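Structure file query-v9.txt (compact mmCIF, C-alpha atoms) follows.
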```txt
# COMPACT_ATOMS: atom_id res chain seq x y z
CA MET O 12 -3.58 -26.02 18.22
CA MET O 13 -4.98 -22.56 17.66
CA LYS O 14 -4.51 -21.74 21.35
CA MET O 15 -0.77 -22.16 20.94
CA LEU O 16 -0.48 -19.38 18.34
CA PRO O 17 0.76 -16.07 19.80
CA HIS O 18 -1.96 -13.45 20.32
CA MET O 19 -4.67 -15.84 19.03
CA THR O 20 -8.04 -15.54 20.76
CA VAL O 21 -10.04 -18.78 20.95
CA VAL O 22 -13.82 -18.67 21.40
CA VAL O 23 -16.12 -21.69 21.83
CA PRO O 24 -19.77 -20.60 22.29
CA CYS O 25 -22.35 -22.90 23.87
CA ASP O 26 -25.54 -22.33 21.87
CA CYS O 27 -26.96 -20.41 18.91
CA ASN O 28 -27.64 -17.24 20.90
CA GLN O 29 -24.10 -17.12 22.26
CA THR O 30 -22.66 -17.91 18.83
CA LYS O 31 -24.47 -14.90 17.38
CA ALA O 32 -23.33 -12.65 20.24
CA ALA O 33 -19.74 -13.93 19.95
CA THR O 34 -19.71 -13.30 16.20
CA ILE O 35 -20.79 -9.69 16.78
CA ALA O 36 -18.11 -9.24 19.47
CA ILE O 37 -15.45 -10.74 17.21
CA ALA O 38 -16.36 -8.33 14.40
CA ASP O 39 -15.35 -5.43 16.67
CA PHE O 40 -12.27 -7.17 18.10
CA GLN O 41 -8.75 -6.20 17.04
CA GLY O 42 -6.55 -9.22 16.42
CA PRO O 43 -6.90 -12.81 15.23
CA VAL O 44 -9.79 -14.90 16.57
CA TYR O 45 -10.62 -18.57 16.11
CA LEU O 46 -14.32 -19.31 16.57
CA ARG O 47 -15.03 -23.02 17.12
CA PHE O 48 -18.44 -24.60 17.43
CA GLY O 49 -19.78 -28.13 17.20
CA ARG O 50 -22.52 -29.84 15.26
CA PRO O 51 -24.76 -31.23 18.03
CA VAL O 52 -28.06 -29.47 18.46
CA VAL O 53 -28.49 -28.09 21.96
CA PRO O 54 -31.28 -25.92 23.35
CA ASN O 55 -30.84 -22.16 23.26
CA PHE O 56 -30.40 -21.51 26.96
CA THR O 57 -28.49 -18.22 26.99
CA PRO O 58 -30.49 -14.98 26.69
CA ALA O 59 -30.81 -13.75 23.11
CA ASP O 60 -29.87 -10.23 24.21
CA GLN O 61 -26.87 -11.19 26.37
CA PRO O 62 -23.75 -9.44 25.05
CA PHE O 63 -20.62 -11.54 24.62
CA GLU O 64 -17.50 -10.38 26.41
CA ILE O 65 -14.29 -11.91 25.08
CA GLY O 66 -12.26 -13.33 27.97
CA LYS O 67 -15.16 -13.52 30.44
CA ALA O 68 -16.52 -16.81 31.83
CA LEU O 69 -20.11 -16.91 33.09
CA VAL O 70 -21.31 -18.66 36.24
CA LEU O 71 -24.56 -20.27 35.09
CA SER O 72 -25.35 -22.15 38.28
CA PRO O 73 -23.69 -21.29 41.60
CA GLY O 74 -22.50 -24.17 43.75
CA THR O 75 -20.27 -25.10 46.65
CA ASP O 76 -19.07 -28.70 46.19
CA VAL O 77 -17.46 -28.94 42.76
CA SER O 78 -16.70 -26.53 39.90
CA ILE O 79 -17.61 -27.77 36.43
CA PHE O 80 -15.98 -25.64 33.74
CA ALA O 81 -17.36 -26.35 30.27
CA CYS O 82 -17.26 -24.93 26.77
CA GLY O 83 -19.22 -25.44 23.57
CA HIS O 84 -22.11 -27.86 23.53
CA LEU O 85 -20.81 -29.55 26.69
CA VAL O 86 -22.07 -26.55 28.67
CA TRP O 87 -25.59 -27.92 28.21
CA GLU O 88 -24.41 -31.37 29.30
CA ALA O 89 -22.75 -29.80 32.36
CA LEU O 90 -25.99 -28.04 33.31
CA GLU O 91 -27.87 -31.32 33.02
CA ALA O 92 -25.18 -33.11 35.05
CA GLY O 93 -25.48 -30.39 37.70
CA LYS O 94 -29.18 -31.24 38.09
CA MET O 95 -28.36 -34.93 38.50
CA LEU O 96 -25.62 -34.20 41.01
CA TYR O 97 -27.97 -31.97 43.02
CA GLN O 98 -30.38 -34.90 43.37
CA GLN O 99 -27.46 -36.82 44.92
CA GLY O 100 -26.70 -34.03 47.39
CA ILE O 101 -23.81 -32.49 45.40
CA ASN O 102 -24.04 -28.77 44.69
CA ALA O 103 -22.10 -28.16 41.45
CA GLU O 104 -21.07 -24.73 40.23
CA ILE O 105 -21.46 -24.70 36.44
CA ILE O 106 -19.33 -22.19 34.54
CA ASN O 107 -19.49 -21.48 30.81
CA VAL O 108 -15.93 -20.78 29.65
CA ALA O 109 -16.69 -19.59 26.13
CA THR O 110 -13.26 -18.00 25.75
CA ILE O 111 -10.43 -20.52 26.06
CA LYS O 112 -7.82 -17.87 25.33
CA PRO O 113 -7.60 -15.47 27.04
CA LEU O 114 -8.77 -17.47 30.04
CA ASP O 115 -10.84 -15.78 32.76
CA ALA O 116 -8.38 -16.54 35.58
CA LYS O 117 -10.31 -14.54 38.18
CA THR O 118 -13.59 -16.46 37.79
CA ILE O 119 -11.82 -19.82 37.59
CA LEU O 120 -9.67 -19.21 40.67
CA GLU O 121 -12.61 -17.87 42.70
CA SER O 122 -14.69 -20.94 41.89
CA ALA O 123 -11.88 -23.44 42.53
CA THR O 124 -11.10 -21.75 45.84
CA LYS O 125 -14.75 -21.98 46.88
CA THR O 126 -15.37 -25.61 45.87
CA GLY O 127 -11.92 -27.19 46.23
CA CYS O 128 -12.28 -29.52 43.23
CA VAL O 129 -12.70 -29.07 39.48
CA VAL O 130 -13.99 -30.86 36.39
CA SER O 131 -13.39 -29.57 32.86
CA ALA O 132 -15.71 -30.64 30.04
CA GLU O 133 -14.96 -29.96 26.38
CA GLU O 134 -15.58 -31.41 22.93
CA HIS O 135 -11.85 -31.42 22.24
CA GLN O 136 -8.67 -33.31 23.00
CA ILE O 137 -7.84 -33.17 26.71
CA PHE O 138 -4.39 -32.03 25.58
CA GLY O 139 -4.16 -28.42 24.50
CA GLY O 140 -7.69 -27.30 25.26
CA LEU O 141 -9.81 -25.89 28.05
CA GLY O 142 -8.90 -28.47 30.67
CA GLU O 143 -5.19 -28.15 30.15
CA SER O 144 -5.43 -24.36 30.33
CA ILE O 145 -7.36 -24.55 33.60
CA ALA O 146 -4.94 -27.15 35.01
CA GLY O 147 -1.99 -24.91 34.21
CA LEU O 148 -3.64 -21.94 35.90
CA LEU O 149 -4.59 -23.95 38.97
CA SER O 150 -1.16 -25.56 39.31
CA ARG O 151 0.40 -22.10 39.51
CA HIS O 152 -2.15 -20.45 41.83
CA LYS O 153 -4.55 -22.90 43.50
CA PRO O 154 -3.75 -26.62 43.19
CA VAL O 155 -6.94 -28.65 43.62
CA PRO O 156 -8.05 -32.13 42.46
CA MET O 157 -9.17 -32.08 38.83
CA GLU O 158 -10.84 -34.43 36.34
CA PHE O 159 -11.08 -34.04 32.56
CA VAL O 160 -14.01 -34.84 30.24
CA GLY O 161 -12.79 -34.74 26.66
CA VAL O 162 -11.23 -36.78 23.87
CA GLN O 163 -8.66 -39.09 25.45
CA ASP O 164 -5.71 -38.77 23.05
CA THR O 165 -7.27 -40.47 20.04
CA PHE O 166 -8.06 -39.50 16.47
CA GLY O 167 -11.55 -38.27 15.74
CA GLU O 168 -13.96 -40.21 13.59
CA SER O 169 -16.93 -39.45 11.38
CA GLY O 170 -20.44 -40.06 12.61
CA THR O 171 -23.59 -38.43 13.84
CA PRO O 172 -23.13 -35.88 16.60
CA GLU O 173 -25.13 -38.10 18.97
CA GLY O 174 -23.10 -41.21 18.11
CA LEU O 175 -19.82 -39.39 18.61
CA MET O 176 -20.99 -37.93 21.91
CA GLU O 177 -21.68 -41.48 23.11
CA LYS O 178 -18.44 -42.93 21.72
CA TYR O 179 -16.21 -40.35 23.36
CA GLY O 180 -18.08 -40.32 26.66
CA TYR O 181 -19.49 -36.81 26.38
CA ARG O 182 -22.98 -37.87 27.30
CA ILE O 183 -23.06 -36.79 30.90
CA VAL O 184 -26.79 -37.39 31.08
CA THR O 185 -28.04 -40.91 30.45
CA GLY O 186 -31.08 -41.65 28.35
CA LYS O 187 -30.31 -39.20 25.54
```
Please re-express this file's structure in structure tokens.
Amino acid sequence: MMKMLPHMTVVVPCDCNQTKAATIAIADFQGPVYLRFGRPVVPNFTPADQPFEIGKALVLSPGTDVSIFACGHLVWEALEAGKMLYQQGINAEIINVATIKPLDAKTILESATKTGCVVSAEEHQIFGGLGESIAGLLSRHKPVPMEFVGVQDTFGESGTPEGLMEKYGYRIVTGK
């Protein structure tokens, strides 16, 4: 919903280090910003000294077969899924899209052009979030097959982060 507000910037960092960097960047930013983060504990996998650039997606793992665009704590799940896919002979490009609005169109289009297919992964409704933003961009500039990992048009529930990840199908990696 926040993405729909005019001039609203929407940031969804992936770990504690990126949350700290995003908070510092937001403090210097002119205009309204919505900072969203989840409750699940994920490893700190971004460098502690990496500056946060609003509107810039980061390629975390280059690939050639499929582009996986993720935000929030699903970036970690996407990295883990990339390892599993690699063992099956699929080279996934994993991209951390920590800014949902404004979207980094250049990075997204370059990756989709290279791989020819896309998956979005977010801890959010599939309507109105990262996936829908990417789908809109791709439909206008580079139509490719796309799949969505996210809440499938249902109300959220209370529970442990781990239980909710299982319930809504966010657990990309089995055994967790």
CA of Ile65 (chain O) to CA of Ala36 (chain O) measures 7.3 Å
CA of Asp26 (chain O) to CA of Ile119 (chain O) measures 21.0 Å
Do you know which residues are at most 8 Å from Lys153 (chain O) counting all atoms listed in the file, after dropping those on the same chain fewer than 2 positions away, and could you put them as a count of residues only? 8
Excluding Thr20 (chain O) and any residue of its chain fewer than 5 positions from it, enumerate the residues within 10 Å of it, using all atoms listed in the file, and give them as a PDB file with C-alpha atoms, in the coordinates of the input.
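Heads up, here's the output in out.pdb:
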```pdb
ATOM      1  CA  MET O  13      -4.980 -22.560  17.660  1.00  0.00           C
ATOM      2  CA  LYS O  14      -4.510 -21.740  21.350  1.00  0.00           C
ATOM      3  CA  MET O  15      -0.770 -22.160  20.940  1.00  0.00           C
ATOM      4  CA  ILE O  37     -15.450 -10.740  17.210  1.00  0.00           C
ATOM      5  CA  PHE O  40     -12.270  -7.170  18.100  1.00  0.00           C
ATOM      6  CA  GLY O  42      -6.550  -9.220  16.420  1.00  0.00           C
ATOM      7  CA  PRO O  43      -6.900 -12.810  15.230  1.00  0.00           C
ATOM      8  CA  VAL O  44      -9.790 -14.900  16.570  1.00  0.00           C
ATOM      9  CA  TYR O  45     -10.620 -18.570  16.110  1.00  0.00           C
ATOM     10  CA  LEU O  46     -14.320 -19.310  16.570  1.00  0.00           C
ATOM     11  CA  ILE O  65     -14.290 -11.910  25.080  1.00  0.00           C
ATOM     12  CA  GLY O  66     -12.260 -13.330  27.970  1.00  0.00           C
ATOM     13  CA  THR O 110     -13.260 -18.000  25.750  1.00  0.00           C
ATOM     14  CA  ILE O 111     -10.430 -20.520  26.060  1.00  0.00           C
ATOM     15  CA  LYS O 112      -7.820 -17.870  25.330  1.00  0.00           C
ATOM     16  CA  PRO O 113      -7.600 -15.470  27.040  1.00  0.00           C
ATOM     17  CA  LEU O 114      -8.770 -17.470  30.040  1.00  0.00           C
TER      18      LEU O 114
END
```
- Atomic separation - CA of Glu177 (chain O) relative to CA of Gln99 (chain O), Å: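 Between CA of Gln99 (chain O) and CA of Glu177 (chain O) the gap is 23.0 Å.
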Give one line per residue of region 108-140 of chain O that approaches region 67-86 of chain O to at most 6 Å, naming the two atoms of the closest pair and their distance in Å to one decimal, counting all atoms listed in the file; sort by chain then ascending residue number and deliver it as CSV.
```
residue,atom,partner,partner_atom,distance
O:Val108,CA,O:Ala68,CA,4.6
O:Ala109,CA,O:Cys82,CA,5.4
O:Asp115,CA,O:Lys67,CA,5.4
O:Thr126,CA,O:Asp76,CA,4.8
O:Cys128,CA,O:Val77,CA,5.2
O:Val129,CA,O:Ser78,CA,4.8
O:Val130,CA,O:Ile79,CA,4.8
O:Ser131,CA,O:Phe80,CA,4.8
O:Ala132,CA,O:Ala81,CA,4.6
O:Glu133,CA,O:Cys82,CA,5.5
```
Written selection (C-alpha atoms) as a PDB file, in the coordinates of the input:
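Final output, saved to part34.pdb:
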```pdb
ATOM      1  CA  VAL O 108     -15.930 -20.780  29.650  1.00  0.00           C
ATOM      2  CA  ALA O 109     -16.690 -19.590  26.130  1.00  0.00           C
ATOM      3  CA  ASP O 115     -10.840 -15.780  32.760  1.00  0.00           C
ATOM      4  CA  THR O 126     -15.370 -25.610  45.870  1.00  0.00           C
ATOM      5  CA  CYS O 128     -12.280 -29.520  43.230  1.00  0.00           C
ATOM      6  CA  VAL O 129     -12.700 -29.070  39.480  1.00  0.00           C
ATOM      7  CA  VAL O 130     -13.990 -30.860  36.390  1.00  0.00           C
ATOM      8  CA  SER O 131     -13.390 -29.570  32.860  1.00  0.00           C
ATOM      9  CA  ALA O 132     -15.710 -30.640  30.040  1.00  0.00           C
ATOM     10  CA  GLU O 133     -14.960 -29.960  26.380  1.00  0.00           C
TER      11      GLU O 133
END
```
Q) Given the choices O:Leu90, O:Phe63, O:Glu104, O:Met12, which gets closest to His135 (chain O) if the distance is worked out from only C-alpha atoms? A)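 Comparing O:Leu90, O:Phe63, O:Glu104, O:Met12 against His135 (chain O), the winner is O:Met12.
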**Asked** Neighbours of Pro51 (chain O) within 12 Å (only C-alpha atoms; same-chain residues fewer than 5 positions away dropped), as a PyMOL selection string?
**Response** chain O and resi 25-27+83-88+134+170-177+181-182
Item checked: Nearest residue to Asn102 (chain O) from the set O:Val162, O:Val53, O:Gly147, O:Lys125 (distances using only C-alpha atoms) ->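 Using only C-alpha atoms, Asn102 (chain O) sits closest to O:Lys125.
You can rank O:Arg47, O:Ala38, O:Pro156, O:Thr30 by their closest distance to Ala59 (chain O) using only C-alpha atoms, and at the top of that list sits O:Thr30.
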